[in-house]
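Input: a single structure, listed below in structure tokens.
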Amino acid sequence: MKTLFERKRGNGKLVTFLLALAVTAAGAGSPAFGDADSAAKIAKLEKALAAIKASMLAGEDVDARIAELEAELEQLKAESAAPEAAAPATRSELPAAGLQGAPNPLQDDKRYLTGQDLLDESFPNSIPIPGTKTRFAVGGYAKLDFIHDFDYVGDKYEFELATIPVEGTQEASLGGLTTAHAKESRINFDFRRRVQRGEGRKDYPLQAFVEIDFFDDRDLVALQPRLRHAYGVIGRLLAGRTWTTSGDLEALAGTIDFSGGDALYGDRVSQVRFQDRAGDHVTWAVAVEEPKTSISNPSGLAGAERPQLPNLAGRVRWTAASGSHLQLGADLFRLEWQGGDAGPSDTEFGYGLNLTGRWLVGGNGNNTIVGGGTIGEGAAHRVVPFSGGGNDAVITASGLDTISHWQAYVGYSHYWTRSLNSTLSTNWAALDNSEFQTSDALHRVGSVHLNLIWFPYKLVSTGVEVMWGERVDNDGAQGEAWRLQYMAKYKFN
């Protein structure tokens, strides 16, 4: 049995140890979403201390156990203080999208994070919600666009190539137009926390993300809020509305024009997606997405497009330590036309393949090359200039006649100084038109964009872009247009 003096001495050692542990834990817990290993070690030490207290109350010898825990504490301190080995810059260490110094300073869409990637993010500018374990951040920007068309363009807000009229039409003779708007301004809310399925079980990341803007081209709903993204993440599983899985926004050229030079393959759709890693450099994802095929009916046959199966999508991406990457995306879906009692009924499978990449050139990251190419059968709805125009297939008396497409683009971004950036890009796409399509059906489009962007402050940018576009119809009729666009953008954070 210990004397009273020995018990007091043990108590003193315990108090000293508890204070040291509290200081270490305070330092280790400062990040919003820190490393789970440190938290587990601290929990283990706290549990051991509780056992020591119980042993002391029972009058048992605890000096040896305290010595063991002191050694563990010193090791934990050393691990926390040890600097990490120097390593090449990784993609997560690059400046955030849409900021000065980023490979694409005009691409503002958020990165998709799941699993441990979501927990490891520092979640800057986030604040806690009182009374909960949830943190949230508000993002977005206010943006003004001032546009002058030297020629007629059907969409006065975006340089959509499909809306350029061909020569000889009434629209082509109307000439240019000046427009100013702030429709691209947006705001988003990002909520994150850890959750557990049971006591002592592994932590899982939980995220809910919602973003709105005001960019609807229809005059009847001008300046009304429009839902861009609304999705949730639990572990590696994402469900909600966001960009298609097979697309690659990080490989798009940075343009002031909201349509991105019509180079995008994909759209925002409702989906369920699973994303994971295969080693340090490879990520992959598979998803079930809403169908968005588009079938034309030039003969006015009875029936309607009635898709019954979802789109199956996937991607594999390889990322280098420098931040360069290469990605292959794919889509598989079914086109369906139901003619009822009076019209033809038919189904056909379609597919799309999308190969994209981003290469950071030079050690200082001043130059970036992006590019990509797509091919597909019945997949024109995935290519922005061909979407929504019935360019996937034509319904005929004998069934569906599917249409193939190709698309290719390349862009080059250069920083003249840290605060002055330019991007030159070009995009071309074409359809292998069906013999059943009308003569004025879209056949080929192309564009060239050149801009100069200035960042007077980290979160403020302004610049000007000149763009040229061409449209060619199924019968060979051609039209082209020039546009000049100025912008000023103020980011929230």
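Ligands are numbered from 1 in the order shown, chains are lettered A, B, ... in the order of the structure tokens, and residues start at 1 in each chain.
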*If you run DSSP over the backbone, which residues in stretch 214-438 of chain A end up strand (DSSP E)? Put them as a PyMOL selection string.*
chain A and resi 226-234+237-243+268-277+282-289+295-296+304-305+311-319+325-338+346-361+367-377+393-396+399-402+404-417+420-432
_Of the listed residues A:Gly175, A:Gly469, A:Pro103, A:Gly390, that which approaches A:Gly446 most closely, counting only C-alpha atoms_ =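 Comparing A:Gly175, A:Gly469, A:Pro103, A:Gly390 against A:Gly446, the winner is A:Gly469.
Closest to A:Ala208 among A:Ser246, A:Thr114, A:Thr169, A:Thr255 is A:Thr114, based on only C-alpha atoms.
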*Could you give me, as an MDAnalysis selection string, the residues within 12 Å of A:Ala222, counting only C-alpha atoms and dropping anything in the same chain fewer than 6 positions from it?*
chainID A and resid 157 181:184 213:216
Suppose we keep N, CA and C atoms; can you now write the selection as a PDB file, in the first residue's frame?
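The resulting result-v2.pdb:
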```pdb
ATOM      1  N   TYR A 157     -25.696  36.487 -74.725  1.00  0.00           N
ATOM      2  CA  TYR A 157     -24.977  36.327 -73.464  1.00  0.00           C
ATOM      3  C   TYR A 157     -23.795  35.356 -73.581  1.00  0.00           C
ATOM      4  N   HIS A 181     -24.467  42.755 -68.828  1.00  0.00           N
ATOM      5  CA  HIS A 181     -25.245  41.974 -67.867  1.00  0.00           C
ATOM      6  C   HIS A 181     -24.339  41.497 -66.735  1.00  0.00           C
ATOM      7  N   ALA A 182     -24.991  41.012 -65.668  1.00  0.00           N
ATOM      8  CA  ALA A 182     -24.271  40.453 -64.518  1.00  0.00           C
ATOM      9  C   ALA A 182     -24.819  39.072 -64.182  1.00  0.00           C
ATOM     10  N   LYS A 183     -25.340  38.359 -65.187  1.00  0.00           N
ATOM     11  CA  LYS A 183     -26.034  37.092 -64.986  1.00  0.00           C
ATOM     12  C   LYS A 183     -25.123  35.969 -64.504  1.00  0.00           C
ATOM     13  N   GLU A 184     -23.818  36.070 -64.777  1.00  0.00           N
ATOM     14  CA  GLU A 184     -22.923  34.995 -64.377  1.00  0.00           C
ATOM     15  C   GLU A 184     -22.597  35.025 -62.886  1.00  0.00           C
ATOM     16  N   ASP A 213     -26.736  30.532 -59.768  1.00  0.00           N
ATOM     17  CA  ASP A 213     -26.374  31.743 -60.491  1.00  0.00           C
ATOM     18  C   ASP A 213     -27.643  32.280 -61.136  1.00  0.00           C
ATOM     19  N   PHE A 214     -27.514  33.163 -62.105  1.00  0.00           N
ATOM     20  CA  PHE A 214     -28.675  33.810 -62.714  1.00  0.00           C
ATOM     21  C   PHE A 214     -28.594  33.718 -64.236  1.00  0.00           C
ATOM     22  N   PHE A 215     -27.856  32.704 -64.723  1.00  0.00           N
ATOM     23  CA  PHE A 215     -27.539  32.630 -66.142  1.00  0.00           C
ATOM     24  C   PHE A 215     -28.536  31.763 -66.888  1.00  0.00           C
ATOM     25  N   ASP A 216     -29.712  32.290 -67.123  1.00  0.00           N
ATOM     26  CA  ASP A 216     -30.699  31.630 -67.968  1.00  0.00           C
ATOM     27  C   ASP A 216     -30.902  32.501 -69.194  1.00  0.00           C
TER      28      ASP A 216
END
```
_Picked from stretch 61-307 of chain A by DSSP as alpha helix (DSSP H), as a list in words_ =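 Matching residues for alpha helix (DSSP H) in stretch 61-307 of chain A are Asp63, Ala64, Arg65, Ile66, Ala67, Glu68, Leu69, Glu70, Ala71, Glu72, Leu73, Glu74, Gln75, Leu76, Lys77, Ala78, Glu79, Ser80, Ala81, Gly115, Gln116, Asp117, Leu118, Leu119 and Asp120 of chain A.
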What would the file look like if the residues just selected were written as a PDB file, in the first residue's frame with N, CA and C atoms?
```pdb
ATOM      1  N   ASP A  63       3.250   4.186 -11.267  1.00  0.00           N
ATOM      2  CA  ASP A  63       4.437   4.869 -11.754  1.00  0.00           C
ATOM      3  C   ASP A  63       4.929   4.305 -13.090  1.00  0.00           C
ATOM      4  N   ALA A  64       4.941   3.004 -13.240  1.00  0.00           N
ATOM      5  CA  ALA A  64       5.449   2.385 -14.469  1.00  0.00           C
ATOM      6  C   ALA A  64       4.576   2.747 -15.668  1.00  0.00           C
ATOM      7  N   ARG A  65       3.254   2.724 -15.437  1.00  0.00           N
ATOM      8  CA  ARG A  65       2.342   3.054 -16.540  1.00  0.00           C
ATOM      9  C   ARG A  65       2.469   4.510 -16.944  1.00  0.00           C
ATOM     10  N   ILE A  66       2.650   5.414 -15.951  1.00  0.00           N
ATOM     11  CA  ILE A  66       2.837   6.833 -16.258  1.00  0.00           C
ATOM     12  C   ILE A  66       4.105   7.024 -17.080  1.00  0.00           C
ATOM     13  N   ALA A  67       5.159   6.302 -16.748  1.00  0.00           N
ATOM     14  CA  ALA A  67       6.407   6.404 -17.498  1.00  0.00           C
ATOM     15  C   ALA A  67       6.210   5.990 -18.957  1.00  0.00           C
ATOM     16  N   GLU A  68       5.413   4.926 -19.181  1.00  0.00           N
ATOM     17  CA  GLU A  68       5.141   4.482 -20.550  1.00  0.00           C
ATOM     18  C   GLU A  68       4.390   5.570 -21.332  1.00  0.00           C
ATOM     19  N   LEU A  69       3.381   6.164 -20.664  1.00  0.00           N
ATOM     20  CA  LEU A  69       2.584   7.172 -21.339  1.00  0.00           C
ATOM     21  C   LEU A  69       3.387   8.442 -21.604  1.00  0.00           C
ATOM     22  N   GLU A  70       4.285   8.773 -20.697  1.00  0.00           N
ATOM     23  CA  GLU A  70       5.152   9.930 -20.926  1.00  0.00           C
ATOM     24  C   GLU A  70       6.013   9.718 -22.164  1.00  0.00           C
ATOM     25  N   ALA A  71       6.505   8.492 -22.349  1.00  0.00           N
ATOM     26  CA  ALA A  71       7.300   8.177 -23.538  1.00  0.00           C
ATOM     27  C   ALA A  71       6.454   8.303 -24.807  1.00  0.00           C
ATOM     28  N   GLU A  72       5.205   7.822 -24.762  1.00  0.00           N
ATOM     29  CA  GLU A  72       4.310   7.949 -25.912  1.00  0.00           C
ATOM     30  C   GLU A  72       4.017   9.408 -26.218  1.00  0.00           C
ATOM     31  N   LEU A  73       3.855  10.213 -25.158  1.00  0.00           N
ATOM     32  CA  LEU A  73       3.573  11.632 -25.336  1.00  0.00           C
ATOM     33  C   LEU A  73       4.747  12.329 -26.033  1.00  0.00           C
ATOM     34  N   GLU A  74       5.974  12.013 -25.603  1.00  0.00           N
ATOM     35  CA  GLU A  74       7.156  12.619 -26.220  1.00  0.00           C
ATOM     36  C   GLU A  74       7.247  12.236 -27.697  1.00  0.00           C
ATOM     37  N   GLN A  75       6.889  10.987 -28.006  1.00  0.00           N
ATOM     38  CA  GLN A  75       6.912  10.556 -29.402  1.00  0.00           C
ATOM     39  C   GLN A  75       5.858  11.300 -30.215  1.00  0.00           C
ATOM     40  N   LEU A  76       4.668  11.494 -29.636  1.00  0.00           N
ATOM     41  CA  LEU A  76       3.606  12.222 -30.312  1.00  0.00           C
ATOM     42  C   LEU A  76       4.015  13.666 -30.568  1.00  0.00           C
ATOM     43  N   LYS A  77       4.678  14.281 -29.567  1.00  0.00           N
ATOM     44  CA  LYS A  77       5.165  15.646 -29.752  1.00  0.00           C
ATOM     45  C   LYS A  77       6.172  15.714 -30.898  1.00  0.00           C
ATOM     46  N   ALA A  78       7.082  14.741 -30.936  1.00  0.00           N
ATOM     47  CA  ALA A  78       8.104  14.734 -31.974  1.00  0.00           C
ATOM     48  C   ALA A  78       7.483  14.576 -33.361  1.00  0.00           C
ATOM     49  N   GLU A  79       6.461  13.691 -33.459  1.00  0.00           N
ATOM     50  CA  GLU A  79       5.804  13.495 -34.746  1.00  0.00           C
ATOM     51  C   GLU A  79       5.063  14.741 -35.188  1.00  0.00           C
ATOM     52  N   SER A  80       4.444  15.441 -34.226  1.00  0.00           N
ATOM     53  CA  SER A  80       3.695  16.646 -34.570  1.00  0.00           C
ATOM     54  C   SER A  80       4.615  17.769 -35.006  1.00  0.00           C
ATOM     55  N   ALA A  81       5.800  17.853 -34.400  1.00  0.00           N
ATOM     56  CA  ALA A  81       6.711  18.959 -34.692  1.00  0.00           C
ATOM     57  C   ALA A  81       7.611  18.680 -35.878  1.00  0.00           C
ATOM     58  N   GLY A 115     -14.186  10.933 -49.811  1.00  0.00           N
ATOM     59  CA  GLY A 115     -13.333  10.125 -48.953  1.00  0.00           C
ATOM     60  C   GLY A 115     -12.295  10.935 -48.202  1.00  0.00           C
ATOM     61  N   GLN A 116     -11.098  10.357 -48.055  1.00  0.00           N
ATOM     62  CA  GLN A 116     -10.039  10.995 -47.291  1.00  0.00           C
ATOM     63  C   GLN A 116      -9.605  12.318 -47.904  1.00  0.00           C
ATOM     64  N   ASP A 117      -9.737  12.459 -49.246  1.00  0.00           N
ATOM     65  CA  ASP A 117      -9.397  13.730 -49.886  1.00  0.00           C
ATOM     66  C   ASP A 117     -10.225  14.864 -49.297  1.00  0.00           C
ATOM     67  N   LEU A 118     -11.477  14.579 -48.994  1.00  0.00           N
ATOM     68  CA  LEU A 118     -12.354  15.599 -48.424  1.00  0.00           C
ATOM     69  C   LEU A 118     -11.941  15.938 -46.999  1.00  0.00           C
ATOM     70  N   LEU A 119     -11.542  14.942 -46.219  1.00  0.00           N
ATOM     71  CA  LEU A 119     -11.112  15.198 -44.844  1.00  0.00           C
ATOM     72  C   LEU A 119      -9.776  15.930 -44.788  1.00  0.00           C
ATOM     73  N   ASP A 120      -8.893  15.642 -45.731  1.00  0.00           N
ATOM     74  CA  ASP A 120      -7.560  16.239 -45.710  1.00  0.00           C
ATOM     75  C   ASP A 120      -7.548  17.702 -46.135  1.00  0.00           C
TER      76      ASP A 120
END
```
*Which polymer residues have any atom within 9 Å of an atom of A:Glu470, counting only C-alpha atoms, with same-chain residues fewer than 4 positions away left out, as a ChimeraX atom specification?*
/A:161-162,164,166,444-447,478-481
*Interatomic distance between atom CA of A:Arg418 and atom CA of A:Asn188?*
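Atom-to-atom, atom CA of A:Arg418 to atom CA of A:Asn188, that is 27.4 Å.
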*Smallest atom-to-atom distance to A:Phe333: which of A:Pro124, A:Gly373, A:Gly240, A:Gly350, using only C-alpha atoms?*
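When distances to A:Phe333 are compared using only C-alpha atoms, the smallest one comes from A:Gly350.
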*Using only C-alpha atoms: which of A:Lys292, A:Arg194, A:Arg306, A:Lys143 has the shortest distance to A:Gly266*: A:Lys292
_Among the residues A:Thr319, A:Ser259, A:Gln100, A:Thr132, the one that comes closest to A:Asp280 [using only C-alpha atoms]_ =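 Under the stated criterion, the closest residue is A:Thr319.
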_A:Val384 environment, 9 Å, only C-alpha atoms, sequence neighbours closer than 3 positions dropped, as a list in words_ =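 The filter keeps Glu160, Ser259, Asp262, Ala263, Leu264, Tyr265, Gly266, Asp267, Ala380, His381, Ser387 and Gly388 of chain A.
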